[in-house]
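All remarks here apply to the structure that follows.
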Amino acid sequence: MPAFRACNLCGNTSPKLRWERNGYSIVECNQCGLQYVGEDPKNIDFAALYSEAYYTGGSGQVFADYVGEERGRRASARRKLRSMRRRTTRSGRLLDVGCAAGFFLVEARNYFETQGVEISEFSSRIARERFGLDVFTGSLQDAKFTTDSFDVITMWDVVEHLPDPKSVLVEASRVLKPGGSLVLTTGDVGSRYARRAGPNWHLLEPPWHLYFFSRATMSAMGAAAGLRVGECSSTGVASDLRVLRSLPGRVVTNLLGLGDIMEMTLTK
């Protein structure tokens with residue numbers, strides 16, 4: 001049997017193999033239930049993985065033209081902002097971790113004092129040069145922000161990409177002000193659709209996605225970082241049926257909590 005890495009949440013060293021996908025092993029912790037890529041992420045070249053090709057279609061997967069989708073992505077950012085500001089503070093200092101080219105920050109700066117962190121040199125340069133945003137290239141830990149700096153931290157579809165999400169959430173907790181909120185989205189492997197799709201679930205995409213959280217394991221990861229769950233809602237899709245993937249269909253299924261992406265608010 002191959003030796004898989006320990007669970008990032010509870011440290012258990014004997015996960016069980018669930019699936020094989022894109023040449024990687026998807027395993028599940030026997031103790032806490034966290035699902036993740038069993039191979040060591042240290043062997044992944046993240047600079048190459050998130051190079052310009054990732055955003056322009058040159059990698060053959062992911063985005064065909066991320067930068068060219070600015071209009072739609074900024075509209076999506078405005079929807080996220082409306083939802084987020086109903087559940088958290090309406091102003092203050094906001095940090096977007098994994099901000100890419102900064103489309104969310106462009107909209108958020110209408111209400112917040114904004115900063116961003118982005119590992120991709122290509123997209124962080126766009127954020128700075130095109131939009132004049134304050135974006136640090138590197139990891140959250142590398143940015144070395146002062147303790148209790150931010151009222152809100154956002155991670156939109158980011159946590160599943162991180163090689164060590166627990167340490168990043170611990171750092172996010174450190175730089176959040178007391179009472180501040182971390183708002184994140186990530187795939188929900190515990191959703192009915194993901195469970196039904198099994199190894200064919202569309203968000204089961206290593207090496208880009210390294211972790212596959214359920215609501216329970218995401219809540220536990222937040223608790224391990226000193227954060228408590230404030231609210232969790234459903235987005236994404238719930239079926240392969242065209243009628244349920246339409247905008248009205250997604251609205252209904254998300255109201256019913258059946259979408260395969262969770263939006264979770266964690267409070268310090």
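Residue numbering restarts at 1 for every chain of the structure tokens, chains are lettered A, B, ... in their displayed order, and ligands are numbered from 1 as they appear.
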Per residue of range 175-226 of chain A within 12 Å of range 3-24 of chain A, what are the shortest atom pair and its distance in Å to one decimal, counting only C-alpha atoms, with rows by chain and residue number, as a tab-separated table?
```
residue	atom	partner	partner_atom	distance
A:Arg195	CA	A:Arg18	CA	11.9
A:Ala197	CA	A:Trp19	CA	11.8
A:Gly198	CA	A:Trp19	CA	8.3
A:Pro199	CA	A:Trp19	CA	6.0
A:Asn200	CA	A:Arg21	CA	8.7
A:Trp201	CA	A:Arg21	CA	10.3
A:His202	CA	A:Arg21	CA	11.0
A:Leu203	CA	A:Arg21	CA	11.0
A:Leu204	CA	A:Arg21	CA	7.5
A:Glu205	CA	A:Arg21	CA	7.2
A:Pro206	CA	A:Asn22	CA	6.5
A:Pro207	CA	A:Tyr24	CA	7.6
A:Trp208	CA	A:Asn22	CA	10.4
A:His209	CA	A:Tyr24	CA	10.8
A:Leu210	CA	A:Tyr24	CA	9.7
A:Tyr211	CA	A:Asn8	CA	9.5
A:Phe212	CA	A:Asn8	CA	11.8
A:Phe213	CA	A:Leu9	CA	10.8
A:Ala216	CA	A:Leu9	CA	11.6
A:Thr217	CA	A:Leu9	CA	8.1
A:Met218	CA	A:Leu9	CA	9.4
A:Ser219	CA	A:Leu9	CA	10.7
A:Ala220	CA	A:Leu9	CA	7.7
A:Met221	CA	A:Leu9	CA	6.1
A:Gly222	CA	A:Leu9	CA	9.7
A:Ala223	CA	A:Leu9	CA	10.2
A:Ala224	CA	A:Leu9	CA	7.7
A:Ala225	CA	A:Leu9	CA	10.1
```
For this session: Show which residues sit within 9 Å of Val158 in chain A, as a PyMOL selection string. Count only C-alpha atoms, and ignore same-chain residues fewer than 4 positions away.
Result: chain A and resi 97-99+162+184-186+209
Exercise. Which residue out of A:Gly102, A:Thr114, A:Arg93, A:Ser239 has the minimum interatomic distance to Glu129 in chain A when only C-alpha atoms are used?
Worked result: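 Checking each candidate against Glu129 in chain A, we get A:Gly102 as the closest.
Among A:Val189, A:Ser91, A:Ala238, A:Arg215, the residue with the shortest atom-to-atom distance to Ile26 in chain A, counting only C-alpha atoms, is A:Val189.
Around Gly132 in chain A, within 12 Å and counting only C-alpha atoms, the residues found are Ala101, Gly102, Phe103, Leu105, Val106, Arg109, Thr114, Gln115, Gly116, Ser124, Arg125, Ile126, Ala127, Arg128, Glu129, Arg130, Asp134 and Val135 of chain A, once anything fewer than 2 positions away on its own chain is removed.
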Exercise. Out of range 155-234 of chain A, which residues get strand (DSSP E) from DSSP, as a count of residues only?
Worked result: 23
Exercise. Of the candidates A:Ser139, A:Thr235, A:Ser76, A:Thr267, which one gets nearest to Ser167 in chain A if we count only C-alpha atoms?
Worked result: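 Nearest to Ser167 in chain A: A:Ser139.
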